[in-house]
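Structure file target13.tsv; described as TSV, C-alpha atoms.
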chain	number	residue	atom	x	y	z
A	164	MET	CA	-29.24	21.48	-89.20
A	165	ALA	CA	-25.59	21.85	-88.21
A	166	THR	CA	-23.91	25.12	-89.10
A	167	PRO	CA	-21.14	24.58	-91.68
A	168	ALA	CA	-17.64	25.16	-90.29
A	169	LYS	CA	-16.10	28.48	-91.25
A	170	SER	CA	-13.45	28.24	-93.94
A	171	ILE	CA	-10.06	29.54	-92.75
A	172	ILE	CA	-8.05	29.02	-95.96
A	173	GLU	CA	-9.35	29.17	-99.54
A	174	PHE	CA	-7.35	28.31	-102.64
A	175	ARG	CA	-9.13	28.93	-105.95
A	176	GLY	CA	-7.43	28.23	-109.26
A	177	VAL	CA	-3.96	28.96	-107.90
A	178	VAL	CA	-1.02	28.67	-110.30
A	179	LYS	CA	2.66	29.11	-109.56
A	180	ARG	CA	5.29	28.65	-112.26
A	181	PHE	CA	9.05	28.53	-112.14
A	182	GLY	CA	10.11	29.07	-115.73
A	183	SER	CA	8.16	26.62	-117.88
A	184	THR	CA	7.35	24.32	-114.93
A	185	ALA	CA	4.01	24.63	-113.13
A	186	ALA	CA	4.92	23.80	-109.53
A	187	VAL	CA	1.29	24.46	-108.54
A	188	ASP	CA	-1.11	23.90	-111.42
A	189	ASP	CA	-4.68	25.23	-111.01
A	190	VAL	CA	-5.08	24.06	-107.40
A	191	SER	CA	-8.31	24.66	-105.45
A	192	PHE	CA	-9.18	23.61	-101.90
A	193	SER	CA	-10.50	24.90	-98.60
A	194	VAL	CA	-9.69	24.15	-94.97
A	195	SER	CA	-12.30	24.59	-92.24
A	196	ALA	CA	-11.77	26.07	-88.79
A	197	GLY	CA	-10.25	23.58	-86.37
A	198	GLU	CA	-9.33	21.12	-89.12
A	199	THR	CA	-5.91	19.55	-89.64
A	200	VAL	CA	-5.12	18.64	-93.23
A	201	SER	CA	-2.01	17.19	-94.78
A	202	LEU	CA	-0.46	18.01	-98.14
A	203	LEU	CA	1.07	14.65	-98.98
A	204	GLY	CA	3.17	13.68	-101.96
A	205	PRO	CA	6.65	12.91	-103.30
A	206	SER	CA	9.43	15.44	-103.73
A	207	GLY	CA	8.61	17.95	-106.45
A	208	CYS	CA	4.82	17.46	-106.29
A	209	GLY	CA	4.11	21.09	-105.28
A	210	LYS	CA	3.30	20.69	-101.59
A	211	THR	CA	6.10	22.92	-100.25
A	212	THR	CA	5.39	25.58	-102.88
A	213	THR	CA	1.73	25.52	-101.79
A	214	LEU	CA	2.84	26.09	-98.19
A	215	ARG	CA	5.07	28.98	-99.26
A	216	LEU	CA	2.17	30.54	-101.17
A	217	ILE	CA	0.01	30.42	-98.03
A	218	SER	CA	2.73	31.82	-95.78
A	219	GLY	CA	3.64	34.64	-98.19
A	220	PHE	CA	7.14	33.53	-99.19
A	221	GLU	CA	5.90	33.09	-102.77
A	222	ASP	CA	3.29	35.01	-104.79
A	223	PRO	CA	0.90	33.19	-107.15
A	224	ASP	CA	0.95	33.80	-110.88
A	225	ALA	CA	-2.82	33.35	-110.97
A	226	GLY	CA	-5.69	32.50	-108.64
A	227	ILE	CA	-7.09	33.57	-105.29
A	228	ILE	CA	-5.72	32.86	-101.80
A	229	GLU	CA	-7.85	33.91	-98.85
A	230	ILE	CA	-7.26	33.53	-95.11
A	231	ALA	CA	-10.33	34.02	-92.90
A	232	GLY	CA	-12.23	35.50	-95.85
A	233	GLU	CA	-9.62	38.12	-96.80
A	234	SER	CA	-7.32	38.02	-99.81
A	235	VAL	CA	-3.66	37.75	-98.80
A	236	VAL	CA	-2.19	37.92	-102.31
A	237	GLY	CA	0.52	40.57	-102.21
A	238	ARG	CA	0.75	40.62	-98.41
A	239	ARG	CA	4.13	39.93	-96.86
A	240	PRO	CA	4.59	37.01	-94.44
A	241	TYR	CA	4.52	39.21	-91.32
A	242	GLU	CA	1.24	40.76	-92.51
A	243	ARG	CA	-0.55	37.40	-92.31
A	244	ASN	CA	-1.74	35.91	-89.02
A	245	VAL	CA	-0.03	32.61	-89.82
A	246	GLY	CA	2.35	30.53	-87.71
A	247	LEU	CA	5.02	28.49	-89.48
A	248	LEU	CA	6.88	25.57	-87.90
A	249	PHE	CA	10.01	25.09	-89.98
A	250	GLN	CA	11.45	21.68	-90.80
A	251	HIS	CA	14.57	22.32	-88.70
A	252	TYR	CA	12.72	24.49	-86.13
A	253	ALA	CA	14.87	27.66	-86.66
A	254	LEU	CA	15.28	28.32	-82.94
A	255	PHE	CA	17.60	31.18	-82.00
A	256	PRO	CA	20.65	29.48	-80.42
A	257	HIS	CA	21.68	32.53	-78.36
A	258	MET	CA	18.22	32.83	-76.76
A	259	THR	CA	16.79	30.83	-73.88
A	260	VAL	CA	13.71	28.66	-74.30
A	261	ALA	CA	11.56	31.39	-72.72
A	262	GLU	CA	13.04	34.06	-75.01
A	263	ASN	CA	12.43	31.90	-78.10
A	264	VAL	CA	8.77	31.37	-77.19
A	265	ALA	CA	8.35	35.08	-76.38
A	266	TYR	CA	9.96	36.27	-79.62
A	267	GLY	CA	6.78	36.54	-81.70
A	268	LEU	CA	4.83	38.06	-78.83
A	269	LYS	CA	7.36	40.89	-78.47
A	270	HIS	CA	7.28	41.61	-82.20
A	271	ARG	CA	3.50	41.80	-82.03
A	272	ARG	CA	3.84	44.27	-79.15
A	273	TRP	CA	2.08	42.19	-76.53
A	274	PRO	CA	2.05	43.91	-73.10
A	275	LYS	CA	5.10	42.88	-71.06
A	276	SER	CA	2.80	41.94	-68.20
A	277	GLU	CA	1.11	39.29	-70.39
A	278	ILE	CA	4.14	37.79	-72.15
A	279	ALA	CA	5.51	35.83	-69.19
A	280	GLY	CA	2.12	34.29	-68.49
A	281	ARG	CA	1.63	33.29	-72.13
A	282	VAL	CA	5.13	31.76	-72.30
A	283	GLY	CA	4.43	29.72	-69.19
A	284	GLU	CA	1.08	28.59	-70.60
A	285	MET	CA	2.67	27.40	-73.83
A	286	LEU	CA	5.51	25.56	-72.10
A	287	ARG	CA	3.01	23.76	-69.88
A	288	LEU	CA	1.08	22.81	-73.03
A	289	VAL	CA	4.17	21.16	-74.56
A	290	ARG	CA	5.30	19.74	-71.18
A	291	LEU	CA	8.49	21.79	-70.90
A	292	GLN	CA	7.80	23.81	-67.76
A	293	GLY	CA	11.05	24.35	-65.92
A	294	PHE	CA	13.07	24.51	-69.17
A	295	GLU	CA	12.76	28.32	-69.46
A	296	PRO	CA	16.47	29.15	-68.81
A	297	ARG	CA	17.92	26.51	-71.12
A	298	ARG	CA	19.22	27.19	-74.60
A	299	PRO	CA	18.41	25.09	-77.73
A	300	GLY	CA	21.84	23.43	-77.66
A	301	GLN	CA	20.97	21.96	-74.26
A	302	LEU	CA	17.80	20.28	-75.57
A	303	SER	CA	17.11	17.00	-77.35
A	304	GLY	CA	15.62	17.00	-80.84
A	305	GLY	CA	12.15	16.27	-79.49
A	306	GLN	CA	12.41	19.07	-76.93
A	307	GLN	CA	13.52	21.53	-79.62
A	308	GLN	CA	10.52	20.54	-81.71
A	309	ARG	CA	8.18	21.25	-78.80
A	310	VAL	CA	9.78	24.64	-78.12
A	311	ALA	CA	9.35	25.57	-81.79
A	312	LEU	CA	5.70	24.50	-81.65
A	313	ALA	CA	5.14	26.54	-78.46
A	314	ARG	CA	6.64	29.60	-80.21
A	315	VAL	CA	4.31	29.14	-83.18
A	316	LEU	CA	1.17	28.70	-81.07
A	317	ALA	CA	1.99	31.51	-78.61
A	318	THR	CA	0.71	34.28	-80.90
A	319	ARG	CA	-2.65	32.54	-81.50
A	320	PRO	CA	-2.32	32.41	-85.30
A	321	GLN	CA	-5.41	31.88	-87.45
A	322	LEU	CA	-3.55	29.15	-89.30
A	323	VAL	CA	-0.62	26.91	-88.33
A	324	LEU	CA	1.65	25.61	-91.08
A	325	LEU	CA	3.97	22.69	-90.36
A	326	ASP	CA	6.71	21.89	-92.87
A	327	GLU	CA	7.85	18.27	-92.42
A	328	PRO	CA	7.54	18.78	-88.64
A	329	LEU	CA	8.99	15.42	-87.56
A	330	SER	CA	11.51	14.67	-90.31
A	331	ALA	CA	14.54	15.86	-88.32
A	332	LEU	CA	13.89	13.27	-85.59
A	333	ASP	CA	14.95	9.64	-85.42
A	334	ALA	CA	12.36	6.98	-86.26
A	335	LYS	CA	11.45	6.02	-82.67
A	336	LEU	CA	11.07	9.61	-81.47
A	337	ARG	CA	9.14	10.53	-84.61
A	338	GLU	CA	6.61	7.80	-83.86
A	339	GLU	CA	6.26	8.89	-80.23
A	340	LEU	CA	5.72	12.56	-81.10
A	341	ARG	CA	3.06	12.01	-83.78
A	342	LEU	CA	0.35	11.40	-81.20
A	343	GLU	CA	1.60	14.18	-78.96
A	344	LEU	CA	1.60	16.70	-81.81
A	345	LYS	CA	-1.94	15.71	-82.80
A	346	GLN	CA	-3.15	16.09	-79.20
A	347	ILE	CA	-1.57	19.55	-78.86
A	348	LEU	CA	-3.07	20.85	-82.10
A	349	THR	CA	-6.49	19.47	-81.13
A	350	SER	CA	-6.35	20.89	-77.59
A	351	VAL	CA	-5.81	24.46	-78.82
A	352	GLY	CA	-8.41	24.15	-81.61
A	353	SER	CA	-5.77	24.95	-84.19
A	354	THR	CA	-6.46	25.05	-87.91
A	355	SER	CA	-3.38	23.38	-89.35
A	356	ILE	CA	-1.79	22.34	-92.63
A	357	VAL	CA	0.96	19.71	-92.43
A	358	VAL	CA	3.32	19.23	-95.37
A	359	THR	CA	4.91	15.79	-95.47
A	360	HIS	CA	6.10	13.02	-97.77
A	361	ASP	CA	5.62	10.48	-94.95
A	362	GLN	CA	2.36	8.52	-95.37
A	363	ASP	CA	2.30	7.39	-91.73
A	364	GLU	CA	2.69	10.97	-90.56
A	365	ALA	CA	-0.16	12.17	-92.75
A	366	MET	CA	-2.44	9.30	-91.76
A	367	SER	CA	-1.89	9.85	-88.03
A	368	LEU	CA	-2.04	13.66	-87.93
A	369	ALA	CA	-4.64	14.72	-90.48
A	370	ASP	CA	-8.43	14.84	-90.53
A	371	ARG	CA	-8.18	15.00	-94.33
A	372	ILE	CA	-5.34	14.29	-96.73
A	373	PHE	CA	-4.70	16.11	-100.02
A	374	VAL	CA	-2.55	13.81	-102.15
A	375	MET	CA	-0.50	15.88	-104.59
A	376	ASN	CA	1.26	14.82	-107.78
A	377	ARG	CA	2.92	16.97	-110.43
A	378	GLY	CA	1.48	20.21	-109.10
A	379	ARG	CA	-2.11	19.00	-108.81
A	380	ILE	CA	-4.29	17.44	-106.13
A	381	GLU	CA	-5.14	13.88	-107.20
A	382	GLN	CA	-7.45	12.97	-104.31
A	383	VAL	CA	-8.91	14.51	-101.17
A	384	GLY	CA	-10.32	12.35	-98.38
A	385	THR	CA	-10.06	11.11	-94.83
A	386	PRO	CA	-7.15	8.77	-94.06
A	387	ASP	CA	-9.55	5.80	-94.22
A	388	GLU	CA	-10.92	6.89	-97.61
A	389	ILE	CA	-7.50	7.52	-99.12
A	390	TYR	CA	-6.18	4.15	-97.95
A	391	ALA	CA	-9.20	1.93	-98.63
A	392	ARG	CA	-10.61	3.63	-101.75
A	393	PRO	CA	-7.88	5.34	-103.79
A	394	THR	CA	-9.25	6.89	-106.96
A	395	THR	CA	-6.08	6.80	-109.09
A	396	ALA	CA	-3.25	4.35	-109.63
A	397	PHE	CA	-0.80	6.94	-108.30
A	398	VAL	CA	-2.64	7.34	-105.00
A	399	ALA	CA	-3.01	3.58	-104.58
A	400	GLY	CA	0.71	3.07	-105.13
A	401	PHE	CA	1.87	6.00	-103.02
A	402	ILE	CA	-0.22	5.34	-99.90
A	403	GLY	CA	1.05	2.23	-98.15
A	404	ARG	CA	1.95	-1.11	-99.69
A	405	THR	CA	-0.24	-2.71	-102.32
A	406	ASN	CA	-0.32	-5.69	-104.70
A	407	TRP	CA	-1.33	-5.20	-108.33
A	408	PHE	CA	-2.96	-7.42	-110.96
A	409	HIS	CA	-3.15	-6.11	-114.52
A	410	GLY	CA	-5.24	-7.30	-117.41
A	411	ARG	CA	-8.42	-7.09	-119.43
A	412	LEU	CA	-11.72	-6.36	-117.72
A	413	GLU	CA	-14.99	-8.15	-118.52
A	414	PRO	CA	-18.42	-8.23	-116.89
A	415	SER	CA	-19.18	-11.14	-114.57
A	416	ALA	CA	-22.43	-12.93	-113.79
A	417	ALA	CA	-22.73	-11.02	-110.51
A	418	ALA	CA	-23.20	-7.25	-110.53
A	419	SER	CA	-21.04	-7.02	-107.40
A	420	SER	CA	-17.89	-8.12	-109.25
A	421	ALA	CA	-16.08	-8.01	-112.59
A	422	ARG	CA	-13.70	-10.45	-114.25
A	423	LEU	CA	-10.06	-9.44	-114.67
A	424	ILE	CA	-8.20	-11.67	-117.14
A	425	THR	CA	-4.47	-11.23	-116.50
A	426	GLY	CA	-1.68	-11.56	-119.03
A	427	THR	CA	-1.09	-15.15	-117.91
A	428	GLY	CA	-4.74	-16.07	-118.45
A	429	THR	CA	-5.70	-16.15	-114.76
A	430	VAL	CA	-9.28	-15.04	-114.14
A	431	LEU	CA	-9.85	-13.03	-110.99
A	432	LEU	CA	-13.06	-11.61	-109.57
A	433	VAL	CA	-12.55	-7.96	-108.62
A	434	ARG	CA	-14.61	-5.00	-107.48
A	435	PRO	CA	-16.25	-3.29	-110.49
A	436	PRO	CA	-14.55	0.01	-111.36
A	437	ASP	CA	-16.15	3.40	-110.89
A	438	ALA	CA	-14.68	4.69	-114.15
A	439	ALA	CA	-16.75	4.07	-117.25
A	440	ALA	CA	-14.01	2.94	-119.63
A	441	ALA	CA	-10.27	2.54	-119.97
A	442	ARG	CA	-7.85	0.70	-122.24
A	443	ARG	CA	-5.74	-0.71	-119.40
A	444	TRP	CA	-6.97	-1.86	-115.99
A	445	GLY	CA	-5.37	-2.85	-112.74
A	446	ALA	CA	-6.83	-4.27	-109.55
A	447	CYS	CA	-4.97	-3.61	-106.31
A	448	ILE	CA	-5.28	-5.23	-102.91
A	449	ARG	CA	-3.60	-4.33	-99.63
A	450	PRO	CA	-1.28	-6.99	-98.15
A	451	GLU	CA	-3.35	-7.35	-94.98
A	452	ARG	CA	-6.37	-8.35	-97.10
A	453	LEU	CA	-4.56	-11.40	-98.51
A	454	ARG	CA	-5.01	-14.55	-96.43
A	455	LEU	CA	-2.44	-17.33	-96.32
A	456	THR	CA	-3.96	-20.80	-96.26
A	457	PRO	CA	-2.73	-24.38	-96.84
A	458	PRO	CA	-1.96	-25.19	-100.50
A	459	GLU	CA	-5.07	-27.35	-101.00
A	460	ALA	CA	-7.46	-24.58	-99.90
A	461	LEU	CA	-9.79	-23.22	-102.52
A	462	GLY	CA	-11.66	-19.93	-102.65
A	463	LEU	CA	-15.13	-20.10	-101.14
A	464	ASN	CA	-18.23	-18.04	-101.87
A	465	GLY	CA	-16.72	-16.25	-104.83
A	466	GLU	CA	-13.26	-15.85	-103.28
A	467	ASN	CA	-10.16	-15.84	-105.43
A	468	SER	CA	-7.37	-18.33	-104.78
A	469	LEU	CA	-3.81	-18.20	-106.09
A	470	PRO	CA	-1.24	-20.95	-105.48
A	471	GLY	CA	2.25	-19.89	-104.53
A	472	ARG	CA	5.33	-20.51	-102.43
A	473	VAL	CA	6.74	-18.44	-99.58
A	474	VAL	CA	10.12	-17.04	-100.65
A	475	ASP	CA	10.75	-14.69	-97.72
A	476	ILE	CA	9.37	-13.80	-94.30
A	477	VAL	CA	10.20	-10.40	-92.77
A	478	ASN	CA	9.64	-10.05	-89.03
A	479	MET	CA	8.36	-6.52	-88.32
A	480	GLY	CA	7.65	-7.10	-84.63
A	481	PRO	CA	3.86	-7.16	-84.29
A	482	GLN	CA	3.49	-8.32	-87.93
A	483	LEU	CA	5.04	-10.82	-90.31
A	484	HIS	CA	5.41	-9.82	-93.96
A	485	TYR	CA	5.25	-12.85	-96.25
A	486	VAL	CA	6.62	-12.59	-99.79
A	487	VAL	CA	4.89	-15.21	-101.96
A	488	GLU	CA	5.93	-16.20	-105.48
A	489	THR	CA	2.85	-16.83	-107.65
A	490	GLY	CA	2.04	-17.12	-111.31
A	491	GLU	CA	1.13	-13.41	-111.14
A	492	GLY	CA	4.50	-12.41	-109.71
A	493	ARG	CA	5.61	-11.79	-106.16
A	494	LEU	CA	2.87	-10.70	-103.77
A	495	MET	CA	3.06	-9.58	-100.15
A	496	ALA	CA	0.72	-10.77	-97.41
A	497	ILE	CA	0.75	-9.35	-93.87
A	498	GLU	CA	-0.41	-11.33	-90.85
A	499	PRO	CA	-0.17	-10.85	-87.06
A	500	ASN	CA	3.03	-12.17	-85.51
A	501	ARG	CA	1.99	-15.04	-83.28
A	502	GLN	CA	4.49	-17.00	-81.20
A	503	GLU	CA	4.09	-20.17	-83.23
A	504	GLN	CA	3.98	-19.77	-86.99
A	505	PRO	CA	2.78	-22.80	-88.99
A	506	ILE	CA	4.08	-21.30	-92.26
A	507	ALA	CA	7.81	-21.32	-93.00
A	508	LYS	CA	10.00	-20.07	-95.82
A	509	GLY	CA	9.73	-22.45	-98.78
A	510	ASP	CA	6.24	-23.71	-97.87
A	511	PRO	CA	3.58	-23.96	-100.59
A	512	VAL	CA	0.50	-21.85	-99.79
A	513	THR	CA	-2.70	-20.54	-101.31
A	514	LEU	CA	-3.48	-16.83	-101.24
A	515	ARG	CA	-7.18	-16.10	-100.88
A	516	PHE	CA	-9.02	-12.78	-101.16
A	517	ARG	CA	-12.51	-11.44	-101.76
A	518	PRO	CA	-13.50	-9.31	-104.76
A	519	GLU	CA	-14.77	-6.54	-102.45
A	520	ASP	CA	-11.29	-6.18	-100.95
A	521	THR	CA	-9.84	-5.04	-104.28
A	522	VAL	CA	-9.93	-1.62	-105.94
A	523	THR	CA	-10.07	-1.60	-109.75
A	524	LEU	CA	-8.53	1.45	-111.43
A	525	PRO	CA	-7.62	2.58	-114.92
A	526	GLN	CA	-3.89	2.44	-115.55
A	527	PRO	CA	-1.83	5.19	-117.20
A	528	GLU	CA	-0.92	4.55	-120.79
A	529	SER	CA	2.64	3.26	-121.18
As structure tokens, what does this structure read like?
Amino acid sequence: MATPAKSIIEFRGVVKRFGSTAAVDDVSFSVSAGETVSLLGPSGCGKTTTLRLISGFEDPDAGIIEIAGESVVGRRPYERNVGLLFQHYALFPHMTVAENVAYGLKHRRWPKSEIAGRVGEMLRLVRLQGFEPRRPGQLSGGQQQRVALARVLATRPQLVLLDEPLSALDAKLREELRLELKQILTSVGSTSIVVTHDQDEAMSLADRIFVMNRGRIEQVGTPDEIYARPTTAFVAGFIGRTNWFHGRLEPSAAASSARLITGTGTVLLVRPPDAAAARRWGACIRPERLRLTPPEALGLNGENSLPGRVVDIVNMGPQLHYVVETGEGRLMAIEPNRQEQPIAKGDPVTLRFRPEDTVTLPQPES
């Protein structure tokens, strides 16, 4: 039997209030050694406050916070073996690259004979060897980000915290550095927590995602689980694009599906819900699971079919996003961008999808 991974960070019943608002509301989770997790959610959901509680810039009003099995409640930031990569890197402009990377080592009283070697090792890791004499103002945004990461990793922290690590970069550079950042964290065996509001960033960096909303964790899972099987309407709507059908739920003849009767009277076969009961239901389906077919095509083998008309086509490079007007409103379908497209704006089409490609969830009361 495999030995369970050691837990590096433990949150148990943690609460943090600002006045009457619970920024973190009875949150519990653990992060194992070598794992990268993402705290993902919209502004004001509590993810940054959670990071500040771990790093020691905030104290909890209730609950337990442990790092490597020891309580850190009441300890100051410098008393925790935690590395923090700030959103805007916080490099010292008057210091060289080498001096920035060495800063934490000097404050931890590393032997002078070892500091130069460790600085060189870190700069090789982030592919900036030869940049030692430069200052931050002489570097690009991506190079500054790598220097800041080298400085964080140099002291071998038990836990690395990354606060919106790529948000200060332009879109193209951000996409390029996602993979590089993941490879660096994996190569050093780092235990990391990434705070972000960017779903793509969370999906590409994290082994597990903690989706936060209104101070609580709504769902924990791998990127695949969060995307394919959201457990709440909020998670389904926040992670990626999705199409919704709302209505009344009834049993169907087959145990593998249920009948959703929409407000317009359309009957759709959907995946049965996991929840036992709810007053309002919605079934969601990702755009890439909708198939565009000629208008006369009908659903086969229990498939659903909805007639519609293409009202817009958005070219996203490798993909085409089709906006289709149907009796259930406007839906989006995504297909690969081939050189010759038989479907044009204004064409009638049929949207087809399988019940197992939907997720049926209770809807919040209006």
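Comparing A:Pro481, A:Pro518, A:Gly305, A:Gly237 by their smallest distance to Arg501 (chain A), the closest is A:Pro481 (using all atoms listed in the file).
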Need to verify the contact set: region 292-295 of chain A, 6 Å, only C-alpha atoms, exclusion of same-chain residues closer than 3 positions in sequence. Can you return it as a list in words?
Val260, Ala261, Leu286 and Arg287 of chain A
With a distance cut-off of 8 Å and only C-alpha atoms, select the neighbouring residues of Ala311 (chain A), excluding the residue or stretch itself and same-chain residues fewer than 3 positions from it, and output the selection as a PDB file with C-alpha atoms, keeping the file's coordinate frame.
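Resulting contents of result_27.pdb:
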ATOM      1  CA  LEU A 248       6.880  25.570 -87.900  1.00  0.00           C
ATOM      2  CA  TYR A 252      12.720  24.490 -86.130  1.00  0.00           C
ATOM      3  CA  ALA A 253      14.870  27.660 -86.660  1.00  0.00           C
ATOM      4  CA  LEU A 254      15.280  28.320 -82.940  1.00  0.00           C
ATOM      5  CA  ASN A 263      12.430  31.900 -78.100  1.00  0.00           C
ATOM      6  CA  VAL A 264       8.770  31.370 -77.190  1.00  0.00           C
ATOM      7  CA  GLN A 307      13.520  21.530 -79.620  1.00  0.00           C
ATOM      8  CA  GLN A 308      10.520  20.540 -81.710  1.00  0.00           C
ATOM      9  CA  ARG A 314       6.640  29.600 -80.210  1.00  0.00           C
ATOM     10  CA  VAL A 315       4.310  29.140 -83.180  1.00  0.00           C
TER      11      VAL A 315
END
As a check of understanding: the span from CA of Glu364 (chain A) to CA of Arg180 (chain A) is 28.1 Å
Kindly give the distance, in Å, that separates CA of Lys179 (chain A) and CA of Phe401 (chain A), rounded to a single decimal.
24.0 Å
Can you pull out every residue within 12 Å of Gly426 (chain A), counting only C-alpha atoms, but drop anything in the same chain fewer than 3 positions away, and send it as a list in words?
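My reading of the contact set: Phe408, His409, Gly410, Arg411, Leu412, Leu423, Thr429, Val430, Leu431, Arg443, Trp444, Gly445, Gly490, Glu491 and Gly492 of chain A.
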So, with all atoms listed in the file as the atoms that count, which of A:Thr513, A:Ser303, A:Asn244, A:Ser330 lies closest to Leu455 (chain A)?
A:Thr513
Proximity of region 213-246 of chain A to region 187-208 of chain A: per-residue shortest pair, 12 Å limit, only C-alpha atoms, as a tab-separated table:
residue	atom	partner	partner_atom	distance
A:Thr213	CA	A:Val187	CA	6.8
A:Leu214	CA	A:Leu202	CA	8.7
A:Arg215	CA	A:Val187	CA	11.0
A:Leu216	CA	A:Val187	CA	9.6
A:Ile217	CA	A:Ser193	CA	11.9
A:Glu221	CA	A:Val187	CA	11.4
A:Asp222	CA	A:Val187	CA	11.4
A:Pro223	CA	A:Val187	CA	8.8
A:Asp224	CA	A:Val187	CA	9.6
A:Ala225	CA	A:Asp189	CA	8.3
A:Gly226	CA	A:Asp189	CA	7.7
A:Ile227	CA	A:Ser191	CA	9.0
A:Ile228	CA	A:Ser191	CA	9.3
A:Glu229	CA	A:Ser193	CA	9.4
A:Ile230	CA	A:Val194	CA	9.7
A:Ala231	CA	A:Ala196	CA	9.1
A:Gly232	CA	A:Ser193	CA	11.1
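Straight-line separation from CA of Ala313 (chain A) to CA of Phe255 (chain A): 13.8 Å.
Minimum atom-to-atom distances from A:Asp475, A:Arg337, A:Pro296, A:Thr318 to Lys269 (chain A) were compared using all atoms listed in the file, and the lowest value belongs to A:Thr318.
Summary of the local environment: counting all atoms listed in the file, residues at most 6 Å from Thr259 (chain A), other than itself and those fewer than 3 positions away along its chain, are Glu262, Pro296, Arg297 and Arg298 of chain A.
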Between A:Arg493, A:Ile380, A:Ala365, A:Tyr241, which is the closest to Phe174 (chain A) once you count all atoms listed in the file?
A:Ile380
Fewer than 2 positions away in the same chain doesn't count, so skip those; otherwise give me all residues within 12 Å of Val357 (chain A), counting only C-alpha atoms, as a tab-separated table (two decimals) with C-alpha atoms, in the coordinates of the input.
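Contents of selection_16.tsv, freshly written:
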chain	number	residue	atom	x	y	z
A	194	VAL	CA	-9.69	24.15	-94.97
A	198	GLU	CA	-9.33	21.12	-89.12
A	199	THR	CA	-5.91	19.55	-89.64
A	200	VAL	CA	-5.12	18.64	-93.23
A	201	SER	CA	-2.01	17.19	-94.78
A	202	LEU	CA	-0.46	18.01	-98.14
A	203	LEU	CA	1.07	14.65	-98.98
A	204	GLY	CA	3.17	13.68	-101.96
A	210	LYS	CA	3.30	20.69	-101.59
A	211	THR	CA	6.10	22.92	-100.25
A	213	THR	CA	1.73	25.52	-101.79
A	214	LEU	CA	2.84	26.09	-98.19
A	246	GLY	CA	2.35	30.53	-87.71
A	247	LEU	CA	5.02	28.49	-89.48
A	248	LEU	CA	6.88	25.57	-87.90
A	249	PHE	CA	10.01	25.09	-89.98
A	250	GLN	CA	11.45	21.68	-90.80
A	322	LEU	CA	-3.55	29.15	-89.30
A	323	VAL	CA	-0.62	26.91	-88.33
A	324	LEU	CA	1.65	25.61	-91.08
A	325	LEU	CA	3.97	22.69	-90.36
A	326	ASP	CA	6.71	21.89	-92.87
A	327	GLU	CA	7.85	18.27	-92.42
A	328	PRO	CA	7.54	18.78	-88.64
A	329	LEU	CA	8.99	15.42	-87.56
A	330	SER	CA	11.51	14.67	-90.31
A	341	ARG	CA	3.06	12.01	-83.78
A	344	LEU	CA	1.60	16.70	-81.81
A	345	LYS	CA	-1.94	15.71	-82.80
A	348	LEU	CA	-3.07	20.85	-82.10
A	353	SER	CA	-5.77	24.95	-84.19
A	354	THR	CA	-6.46	25.05	-87.91
A	355	SER	CA	-3.38	23.38	-89.35
A	359	THR	CA	4.91	15.79	-95.47
A	360	HIS	CA	6.10	13.02	-97.77
A	361	ASP	CA	5.62	10.48	-94.95
A	362	GLN	CA	2.36	8.52	-95.37
A	364	GLU	CA	2.69	10.97	-90.56
A	365	ALA	CA	-0.16	12.17	-92.75
A	366	MET	CA	-2.44	9.30	-91.76
A	367	SER	CA	-1.89	9.85	-88.03
A	368	LEU	CA	-2.04	13.66	-87.93
A	369	ALA	CA	-4.64	14.72	-90.48
A	370	ASP	CA	-8.43	14.84	-90.53
A	371	ARG	CA	-8.18	15.00	-94.33
A	372	ILE	CA	-5.34	14.29	-96.73
A	373	PHE	CA	-4.70	16.11	-100.02
A	374	VAL	CA	-2.55	13.81	-102.15
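Residue nearest Val289 (chain A) within the list A:Val236, A:Leu332, A:Val398, A:Ile347: A:Ile347 [criterion: smallest interatomic distance, all atoms listed in the file].
Considering the residues A:Val282, A:Cys447, A:Val351, A:Ala418 and counting all atoms listed in the file, Ala391 (chain A) has its shortest atom-to-atom contact with A:Cys447.
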